[in-house]
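Listing of model-v1.txt; format and content: compact mmCIF, N, CA and C atoms.
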```txt
# COMPACT_ATOMS: atom_id res chain seq x y z
N MET U 20 83.72 84.07 50.26
CA MET U 20 84.93 83.50 50.83
C MET U 20 84.51 82.53 51.93
N LYS U 21 84.99 81.32 51.82
CA LYS U 21 84.68 80.29 52.79
C LYS U 21 85.82 80.17 53.79
N ILE U 22 85.47 80.09 55.07
CA ILE U 22 86.48 79.98 56.13
C ILE U 22 86.63 78.52 56.50
N ALA U 23 87.86 78.05 56.49
CA ALA U 23 88.13 76.65 56.81
C ALA U 23 87.98 76.44 58.32
N PRO U 24 87.49 75.28 58.72
CA PRO U 24 87.40 74.99 60.16
C PRO U 24 88.79 74.96 60.79
N ARG U 25 88.83 75.32 62.05
CA ARG U 25 90.11 75.33 62.77
C ARG U 25 90.49 73.92 63.18
N SER U 26 91.77 73.65 63.13
CA SER U 26 92.27 72.34 63.55
C SER U 26 92.31 72.28 65.07
N SER U 27 92.44 71.08 65.61
CA SER U 27 92.53 70.92 67.06
C SER U 27 93.78 71.60 67.61
N GLN U 28 94.84 71.64 66.81
CA GLN U 28 96.07 72.33 67.24
C GLN U 28 95.82 73.84 67.34
N GLN U 29 95.09 74.39 66.38
CA GLN U 29 94.78 75.81 66.41
C GLN U 29 93.89 76.16 67.60
N ILE U 30 92.95 75.30 67.88
CA ILE U 30 92.05 75.52 69.03
C ILE U 30 92.84 75.46 70.33
N ALA U 31 93.74 74.48 70.46
CA ALA U 31 94.57 74.37 71.66
C ALA U 31 95.47 75.58 71.81
N ALA U 32 96.03 76.05 70.70
CA ALA U 32 96.91 77.22 70.76
C ALA U 32 96.13 78.46 71.18
N SER U 33 94.89 78.60 70.68
CA SER U 33 94.11 79.78 71.05
C SER U 33 93.69 79.73 72.51
N ALA U 34 93.61 78.54 73.08
CA ALA U 34 93.27 78.43 74.50
C ALA U 34 94.42 78.93 75.37
N ALA U 35 95.64 78.82 74.86
CA ALA U 35 96.82 79.26 75.62
C ALA U 35 97.11 80.74 75.41
N TYR U 36 96.48 81.34 74.43
CA TYR U 36 96.71 82.75 74.13
C TYR U 36 95.38 83.47 74.04
N GLY U 37 95.37 84.71 74.50
CA GLY U 37 94.17 85.52 74.33
C GLY U 37 94.21 86.14 72.96
N GLU U 38 93.37 85.74 72.07
CA GLU U 38 93.41 86.25 70.70
C GLU U 38 92.61 87.53 70.58
N ILE U 39 93.22 88.51 69.97
CA ILE U 39 92.56 89.77 69.67
C ILE U 39 92.73 89.98 68.16
N GLY U 40 91.65 89.82 67.43
CA GLY U 40 91.74 89.95 65.98
C GLY U 40 92.70 88.91 65.43
N GLN U 41 93.67 89.36 64.66
CA GLN U 41 94.63 88.43 64.07
C GLN U 41 95.88 88.28 64.94
N PHE U 42 95.93 88.98 66.04
CA PHE U 42 97.10 88.94 66.91
C PHE U 42 96.85 88.03 68.10
N ALA U 43 97.88 87.35 68.55
CA ALA U 43 97.79 86.53 69.75
C ALA U 43 98.65 87.15 70.83
N ILE U 44 98.10 87.27 72.00
CA ILE U 44 98.82 87.85 73.13
C ILE U 44 98.99 86.76 74.17
N ALA U 45 100.24 86.49 74.54
CA ALA U 45 100.49 85.46 75.53
C ALA U 45 99.91 85.86 76.87
N LYS U 46 99.19 84.94 77.50
CA LYS U 46 98.65 85.20 78.84
C LYS U 46 99.74 84.93 79.85
N GLN U 47 99.84 85.83 80.81
CA GLN U 47 100.82 85.64 81.86
C GLN U 47 100.13 85.08 83.09
N ARG U 48 100.79 84.15 83.72
CA ARG U 48 100.24 83.60 84.95
C ARG U 48 100.40 84.63 86.06
N PRO U 49 99.42 84.71 86.94
CA PRO U 49 99.53 85.66 88.05
C PRO U 49 100.69 85.29 88.98
N VAL U 50 101.33 86.31 89.51
CA VAL U 50 102.43 86.11 90.45
C VAL U 50 101.84 85.72 91.80
N ARG U 51 102.31 84.63 92.35
CA ARG U 51 101.85 84.14 93.65
C ARG U 51 102.99 84.19 94.64
N SER U 52 102.71 84.66 95.84
CA SER U 52 103.72 84.73 96.88
C SER U 52 103.05 84.62 98.25
N SER U 53 103.24 83.48 98.88
CA SER U 53 102.68 83.32 100.23
C SER U 53 103.37 84.26 101.21
N ALA U 54 104.65 84.56 100.98
CA ALA U 54 105.37 85.49 101.85
C ALA U 54 104.75 86.89 101.76
N TRP U 55 104.37 87.31 100.55
CA TRP U 55 103.75 88.62 100.37
C TRP U 55 102.41 88.67 101.10
N LEU U 56 101.60 87.64 100.90
CA LEU U 56 100.28 87.61 101.54
C LEU U 56 100.42 87.59 103.06
N ASP U 57 101.41 86.85 103.57
CA ASP U 57 101.65 86.82 105.02
C ASP U 57 102.04 88.21 105.53
N ALA U 58 102.87 88.93 104.75
CA ALA U 58 103.27 90.27 105.15
C ALA U 58 102.06 91.20 105.19
N VAL U 59 101.18 91.11 104.19
CA VAL U 59 99.98 91.94 104.18
C VAL U 59 99.11 91.61 105.39
N ARG U 60 98.95 90.32 105.68
CA ARG U 60 98.10 89.91 106.82
C ARG U 60 98.71 90.29 108.16
N SER U 61 100.02 90.55 108.19
CA SER U 61 100.66 90.91 109.46
C SER U 61 100.39 92.36 109.86
N ILE U 62 99.87 93.15 108.94
CA ILE U 62 99.52 94.54 109.26
C ILE U 62 98.36 94.49 110.26
N ASP U 63 98.45 95.31 111.29
CA ASP U 63 97.50 95.19 112.40
C ASP U 63 96.25 96.06 112.30
N HIS U 64 96.07 96.72 111.18
CA HIS U 64 94.88 97.57 111.05
C HIS U 64 94.42 97.64 109.59
N CYS U 65 93.15 97.93 109.42
CA CYS U 65 92.54 98.04 108.09
C CYS U 65 93.01 99.33 107.41
N MET U 66 93.34 99.22 106.15
CA MET U 66 93.81 100.39 105.40
C MET U 66 92.70 101.36 105.04
N LEU U 67 91.45 100.95 105.17
CA LEU U 67 90.35 101.85 104.85
C LEU U 67 89.71 102.48 106.08
N CYS U 68 89.30 101.66 107.03
CA CYS U 68 88.59 102.22 108.19
C CYS U 68 89.50 102.42 109.40
N GLY U 69 90.69 101.80 109.37
CA GLY U 69 91.65 101.99 110.45
C GLY U 69 91.43 101.13 111.67
N CYS U 70 90.41 100.26 111.66
CA CYS U 70 90.16 99.44 112.84
C CYS U 70 91.34 98.50 113.08
N VAL U 71 91.68 98.33 114.35
CA VAL U 71 92.75 97.41 114.73
C VAL U 71 92.12 96.04 114.85
N CYS U 72 92.52 95.15 113.96
CA CYS U 72 91.89 93.84 113.88
C CYS U 72 92.78 92.90 113.06
N GLN U 73 92.34 91.68 112.94
CA GLN U 73 93.04 90.75 112.06
C GLN U 73 92.55 91.01 110.64
N VAL U 74 93.44 91.53 109.81
CA VAL U 74 93.06 91.91 108.45
C VAL U 74 93.15 90.72 107.51
N GLN U 75 92.53 90.89 106.36
CA GLN U 75 92.59 89.90 105.28
C GLN U 75 93.38 90.51 104.13
N ALA U 76 94.05 89.66 103.37
CA ALA U 76 94.73 90.10 102.16
C ALA U 76 93.71 90.07 101.03
N ALA U 77 93.14 91.21 100.72
CA ALA U 77 92.07 91.32 99.73
C ALA U 77 92.66 91.62 98.36
N HIS U 78 92.38 90.76 97.39
CA HIS U 78 92.87 90.95 96.03
C HIS U 78 92.01 91.96 95.28
N ARG U 79 92.63 92.67 94.38
CA ARG U 79 91.94 93.61 93.49
C ARG U 79 91.01 92.82 92.58
N ASN U 80 89.83 93.31 92.35
CA ASN U 80 88.84 92.60 91.53
C ASN U 80 88.82 93.01 90.07
N GLU U 81 89.69 93.88 89.68
CA GLU U 81 89.71 94.35 88.30
C GLU U 81 90.89 93.71 87.57
N GLY U 82 90.69 93.34 86.31
CA GLY U 82 91.78 92.79 85.52
C GLY U 82 92.05 91.32 85.79
N LYS U 83 91.06 90.60 86.25
CA LYS U 83 91.23 89.18 86.53
C LYS U 83 90.34 88.38 85.60
N GLY U 84 90.59 87.11 85.53
CA GLY U 84 89.75 86.23 84.72
C GLY U 84 88.78 85.47 85.60
N LYS U 85 87.95 84.69 84.97
CA LYS U 85 86.98 83.89 85.71
C LYS U 85 87.71 82.94 86.65
N SER U 86 87.34 82.96 87.90
CA SER U 86 87.93 82.10 88.93
C SER U 86 89.41 82.33 89.11
N GLN U 87 89.90 83.49 88.73
CA GLN U 87 91.31 83.81 88.91
C GLN U 87 91.44 85.10 89.69
N LYS U 88 92.48 85.18 90.46
CA LYS U 88 92.79 86.41 91.16
C LYS U 88 93.97 87.08 90.47
N VAL U 89 94.12 88.37 90.68
CA VAL U 89 95.24 89.10 90.12
C VAL U 89 96.50 88.75 90.91
N ASP U 90 97.64 89.32 90.52
CA ASP U 90 98.90 89.09 91.22
C ASP U 90 98.73 89.37 92.71
N ASP U 91 99.44 88.61 93.52
CA ASP U 91 99.36 88.79 94.97
C ASP U 91 99.84 90.16 95.43
N CYS U 92 100.68 90.82 94.62
CA CYS U 92 101.15 92.15 95.02
C CYS U 92 100.04 93.20 94.92
N LEU U 93 98.93 92.87 94.27
CA LEU U 93 97.79 93.79 94.18
C LEU U 93 96.75 93.43 95.24
N THR U 94 97.20 93.41 96.49
CA THR U 94 96.33 93.11 97.62
C THR U 94 96.35 94.26 98.61
N ALA U 95 95.31 94.33 99.39
CA ALA U 95 95.20 95.36 100.42
C ALA U 95 94.87 94.70 101.75
N ALA U 96 95.38 95.28 102.82
CA ALA U 96 95.06 94.81 104.17
C ALA U 96 93.72 95.42 104.57
N LEU U 97 92.67 94.60 104.55
CA LEU U 97 91.32 95.08 104.85
C LEU U 97 90.68 94.24 105.94
N CYS U 98 89.87 94.89 106.77
CA CYS U 98 89.05 94.16 107.73
C CYS U 98 87.96 93.43 106.96
N PRO U 99 87.36 92.41 107.56
CA PRO U 99 86.32 91.66 106.84
C PRO U 99 85.17 92.54 106.34
N ALA U 100 84.77 93.55 107.12
CA ALA U 100 83.66 94.42 106.69
C ALA U 100 84.02 95.25 105.47
N CYS U 101 85.20 95.84 105.46
CA CYS U 101 85.63 96.63 104.31
C CYS U 101 85.86 95.74 103.09
N HIS U 102 86.40 94.54 103.31
CA HIS U 102 86.60 93.59 102.22
C HIS U 102 85.26 93.25 101.57
N ALA U 103 84.26 92.97 102.37
CA ALA U 103 82.93 92.63 101.84
C ALA U 103 82.33 93.83 101.11
N GLU U 104 82.51 95.03 101.65
CA GLU U 104 81.97 96.23 101.00
C GLU U 104 82.62 96.46 99.64
N ILE U 105 83.92 96.22 99.54
CA ILE U 105 84.62 96.37 98.26
C ILE U 105 84.14 95.30 97.27
N ASP U 106 83.99 94.07 97.73
CA ASP U 106 83.63 92.97 96.83
C ASP U 106 82.14 92.96 96.45
N GLN U 107 81.27 93.14 97.42
CA GLN U 107 79.84 93.00 97.14
C GLN U 107 79.02 94.22 97.53
N GLY U 108 79.66 95.28 97.93
CA GLY U 108 78.95 96.43 98.47
C GLY U 108 77.90 97.00 97.54
N LYS U 109 76.71 97.20 98.07
CA LYS U 109 75.61 97.76 97.28
C LYS U 109 75.49 99.26 97.49
N ASN U 110 76.24 99.80 98.45
CA ASN U 110 76.15 101.23 98.74
C ASN U 110 77.13 102.06 97.92
N LEU U 111 78.00 101.38 97.16
CA LEU U 111 78.99 102.07 96.35
C LEU U 111 78.85 101.66 94.89
N THR U 112 79.18 102.58 94.00
CA THR U 112 79.21 102.22 92.58
C THR U 112 80.47 101.41 92.31
N ARG U 113 80.54 100.79 91.15
CA ARG U 113 81.74 100.03 90.77
C ARG U 113 82.96 100.94 90.79
N GLU U 114 82.81 102.14 90.26
CA GLU U 114 83.93 103.08 90.22
C GLU U 114 84.38 103.46 91.62
N GLN U 115 83.43 103.66 92.54
CA GLN U 115 83.78 103.99 93.92
C GLN U 115 84.49 102.83 94.60
N ARG U 116 84.01 101.60 94.36
CA ARG U 116 84.68 100.43 94.94
C ARG U 116 86.09 100.30 94.41
N ARG U 117 86.28 100.50 93.11
CA ARG U 117 87.62 100.40 92.52
C ARG U 117 88.54 101.50 93.06
N GLU U 118 88.00 102.70 93.20
CA GLU U 118 88.79 103.80 93.73
C GLU U 118 89.24 103.51 95.17
N ARG U 119 88.32 103.02 95.99
CA ARG U 119 88.66 102.68 97.38
C ARG U 119 89.69 101.56 97.44
N MET U 120 89.53 100.56 96.57
CA MET U 120 90.48 99.45 96.56
C MET U 120 91.85 99.92 96.12
N ASN U 121 91.92 100.73 95.09
CA ASN U 121 93.21 101.26 94.64
C ASN U 121 93.89 102.05 95.76
N HIS U 122 93.11 102.86 96.46
CA HIS U 122 93.65 103.63 97.59
C HIS U 122 94.18 102.68 98.67
N ALA U 123 93.42 101.63 98.96
CA ALA U 123 93.82 100.67 100.00
C ALA U 123 95.09 99.92 99.60
N ILE U 124 95.24 99.60 98.33
CA ILE U 124 96.46 98.91 97.87
C ILE U 124 97.67 99.82 98.04
N VAL U 125 97.53 101.08 97.65
CA VAL U 125 98.65 102.03 97.81
C VAL U 125 99.01 102.18 99.29
N GLU U 126 98.00 102.32 100.14
CA GLU U 126 98.26 102.45 101.58
C GLU U 126 98.90 101.18 102.15
N THR U 127 98.51 100.02 101.64
CA THR U 127 99.12 98.76 102.08
C THR U 127 100.59 98.72 101.68
N LEU U 128 100.89 99.12 100.45
CA LEU U 128 102.30 99.16 100.01
C LEU U 128 103.11 100.10 100.88
N ARG U 129 102.53 101.26 101.20
CA ARG U 129 103.22 102.22 102.06
C ARG U 129 103.49 101.62 103.45
N GLU U 130 102.49 100.94 103.99
CA GLU U 130 102.64 100.34 105.33
C GLU U 130 103.67 99.21 105.31
N LEU U 131 103.67 98.41 104.27
CA LEU U 131 104.67 97.33 104.14
C LEU U 131 106.08 97.92 104.11
N ALA U 132 106.25 99.02 103.41
CA ALA U 132 107.56 99.67 103.35
C ALA U 132 107.93 100.30 104.69
N ARG U 133 106.99 100.96 105.35
CA ARG U 133 107.25 101.60 106.65
C ARG U 133 107.65 100.58 107.71
N GLN U 134 107.01 99.41 107.67
CA GLN U 134 107.32 98.38 108.64
C GLN U 134 108.49 97.49 108.19
N ASN U 135 109.08 97.83 107.07
CA ASN U 135 110.20 97.07 106.51
C ASN U 135 109.84 95.59 106.32
N LEU U 136 108.63 95.36 105.81
CA LEU U 136 108.15 93.99 105.59
C LEU U 136 108.43 93.51 104.18
N VAL U 137 108.94 94.40 103.32
CA VAL U 137 109.32 94.00 101.96
C VAL U 137 110.77 94.43 101.73
N GLY U 138 111.41 93.73 100.82
CA GLY U 138 112.81 94.05 100.51
C GLY U 138 112.96 95.43 99.88
N THR U 139 114.14 95.96 99.93
CA THR U 139 114.40 97.27 99.33
C THR U 139 114.88 97.09 97.91
N ILE U 140 114.71 98.14 97.15
CA ILE U 140 115.12 98.11 95.73
C ILE U 140 116.57 98.52 95.62
```
Can the structure in the file be given as structure tokens, please?
Amino acid sequence: MKIAPRSSQQIAASAAYGEIGQFAIAKQRPVRSSAWLDAVRSIDHCMLCGCVCQVQAAHRNEGKGKSQKVDDCLTAALCPACHAEIDQGKNLTREQRRERMNHAIVETLRELARQNLVGTI
């Protein structure tokens, strides 16, 4: 069985969709919100070590593409040291870094709600 070459239209369509086997799954653009990131940065302490400092809005490193960040709602308020440890830390395994980041995101969401920095449902 000979497979015909793909047309330029097929190639362009596959670039817009993540193809898995014979199925095409539409890629969703990440949700961006400067207001959300500002709210995360307004938290006055790190969600992991608790230091009172100017925190960074650290994006989750799992489930992203090359040169892309995940949705802005998957951010944690981290001090620069904890942010670096999560992103490049050599003292933790990948699973430990992911676990710490997930914990920090949940704690950030809790703090945003406690400080009434996000709308209510």
Nearest-residue call for Arg79 in chain U, choices U:Gln107, U:Met120, U:Ala100, U:Glu114, using only N, CA and C atoms: U:Met120
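You can rank U:Gln47, U:Gln134, U:Ser52, U:Ser61 by their closest distance to Val74 in chain U using all atoms listed in the file, and at the top of that list sits U:Ser61.
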What does the distance from atom N of Ile62 in chain U to atom N of His78 in chain U come to in Å, to one decimal? 14.0 Å
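For the pair atom C of Arg119 in chain U and atom N of Ala76 in chain U, the interatomic distance is 14.0 Å.
A straight line drawn from CA of Pro99 in chain U to atom C of Arg129 in chain U is 20.1 Å long.
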Counting only N, CA and C atoms, what is within 8 Å of Glu126 in chain U, bar same-chain residues fewer than 6 positions away, as an mmCIF file with N, CA and C atoms, in the coordinates of the input?
```
data_model
loop_
_atom_site.group_PDB
_atom_site.id
_atom_site.type_symbol
_atom_site.label_atom_id
_atom_site.label_comp_id
_atom_site.auth_asym_id
_atom_site.auth_seq_id
_atom_site.Cartn_x
_atom_site.Cartn_y
_atom_site.Cartn_z
ATOM 1 N N MET U 66 93.340 99.220 106.150
ATOM 2 C CA MET U 66 93.810 100.390 105.400
ATOM 3 C C MET U 66 92.700 101.360 105.040
ATOM 4 N N LEU U 67 91.450 100.950 105.170
ATOM 5 C CA LEU U 67 90.350 101.850 104.850
ATOM 6 C C LEU U 67 89.710 102.480 106.080
ATOM 7 N N ALA U 95 95.310 94.330 99.390
ATOM 8 C CA ALA U 95 95.200 95.360 100.420
ATOM 9 C C ALA U 95 94.870 94.700 101.750
ATOM 10 N N ALA U 96 95.380 95.280 102.820
ATOM 11 C CA ALA U 96 95.060 94.810 104.170
ATOM 12 C C ALA U 96 93.720 95.420 104.570
ATOM 13 N N MET U 120 89.530 100.560 96.570
ATOM 14 C CA MET U 120 90.480 99.450 96.560
ATOM 15 C C MET U 120 91.850 99.920 96.120
ATOM 16 N N ALA U 132 106.250 99.020 103.410
ATOM 17 C CA ALA U 132 107.560 99.670 103.350
ATOM 18 C C ALA U 132 107.930 100.300 104.690
#
```
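The neighbours of Asp90 in chain U here are the residues that come within 8 Å of it, using only N, CA and C atoms and leaving out any residue fewer than 3 positions away in the same chain; they are U:Arg48, U:Pro49, U:Val50, U:Arg51, U:Ser52, U:His78, U:Arg79, U:Gly82, U:Lys83, U:Gln87, U:Leu93, U:Thr94.
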Taking N, CA and C atoms for each residue, export the selection above as a PDB file, keeping the file's coordinate frame.
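This is the output file selection.pdb:
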```pdb
ATOM      1  N   ARG U  48     100.790  84.150  83.720  1.00  0.00           N
ATOM      2  CA  ARG U  48     100.240  83.600  84.950  1.00  0.00           C
ATOM      3  C   ARG U  48     100.400  84.630  86.060  1.00  0.00           C
ATOM      4  N   PRO U  49      99.420  84.710  86.940  1.00  0.00           N
ATOM      5  CA  PRO U  49      99.530  85.660  88.050  1.00  0.00           C
ATOM      6  C   PRO U  49     100.690  85.290  88.980  1.00  0.00           C
ATOM      7  N   VAL U  50     101.330  86.310  89.510  1.00  0.00           N
ATOM      8  CA  VAL U  50     102.430  86.110  90.450  1.00  0.00           C
ATOM      9  C   VAL U  50     101.840  85.720  91.800  1.00  0.00           C
ATOM     10  N   ARG U  51     102.310  84.630  92.350  1.00  0.00           N
ATOM     11  CA  ARG U  51     101.850  84.140  93.650  1.00  0.00           C
ATOM     12  C   ARG U  51     102.990  84.190  94.640  1.00  0.00           C
ATOM     13  N   SER U  52     102.710  84.660  95.840  1.00  0.00           N
ATOM     14  CA  SER U  52     103.720  84.730  96.880  1.00  0.00           C
ATOM     15  C   SER U  52     103.050  84.620  98.250  1.00  0.00           C
ATOM     16  N   HIS U  78      92.380  90.760  97.390  1.00  0.00           N
ATOM     17  CA  HIS U  78      92.870  90.950  96.030  1.00  0.00           C
ATOM     18  C   HIS U  78      92.010  91.960  95.280  1.00  0.00           C
ATOM     19  N   ARG U  79      92.630  92.670  94.380  1.00  0.00           N
ATOM     20  CA  ARG U  79      91.940  93.610  93.490  1.00  0.00           C
ATOM     21  C   ARG U  79      91.010  92.820  92.580  1.00  0.00           C
ATOM     22  N   GLY U  82      90.690  93.340  86.310  1.00  0.00           N
ATOM     23  CA  GLY U  82      91.780  92.790  85.520  1.00  0.00           C
ATOM     24  C   GLY U  82      92.050  91.320  85.790  1.00  0.00           C
ATOM     25  N   LYS U  83      91.060  90.600  86.250  1.00  0.00           N
ATOM     26  CA  LYS U  83      91.230  89.180  86.530  1.00  0.00           C
ATOM     27  C   LYS U  83      90.340  88.380  85.600  1.00  0.00           C
ATOM     28  N   GLN U  87      89.900  83.490  88.730  1.00  0.00           N
ATOM     29  CA  GLN U  87      91.310  83.810  88.910  1.00  0.00           C
ATOM     30  C   GLN U  87      91.440  85.100  89.690  1.00  0.00           C
ATOM     31  N   LEU U  93      98.930  92.870  94.270  1.00  0.00           N
ATOM     32  CA  LEU U  93      97.790  93.790  94.180  1.00  0.00           C
ATOM     33  C   LEU U  93      96.750  93.430  95.240  1.00  0.00           C
ATOM     34  N   THR U  94      97.200  93.410  96.490  1.00  0.00           N
ATOM     35  CA  THR U  94      96.330  93.110  97.620  1.00  0.00           C
ATOM     36  C   THR U  94      96.350  94.260  98.610  1.00  0.00           C
TER      37      THR U  94
END
```
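Considering only C-alpha atoms, the residue among U:Val71, U:Leu136, U:Leu128, U:Cys65 positioned nearest to Cys101 in chain U is U:Cys65.
The residue that comes closest to Cys72 in chain U, out of U:Asp106, U:Leu97, U:Lys88, U:Ser53 and on the basis of all atoms listed in the file, is U:Leu97.
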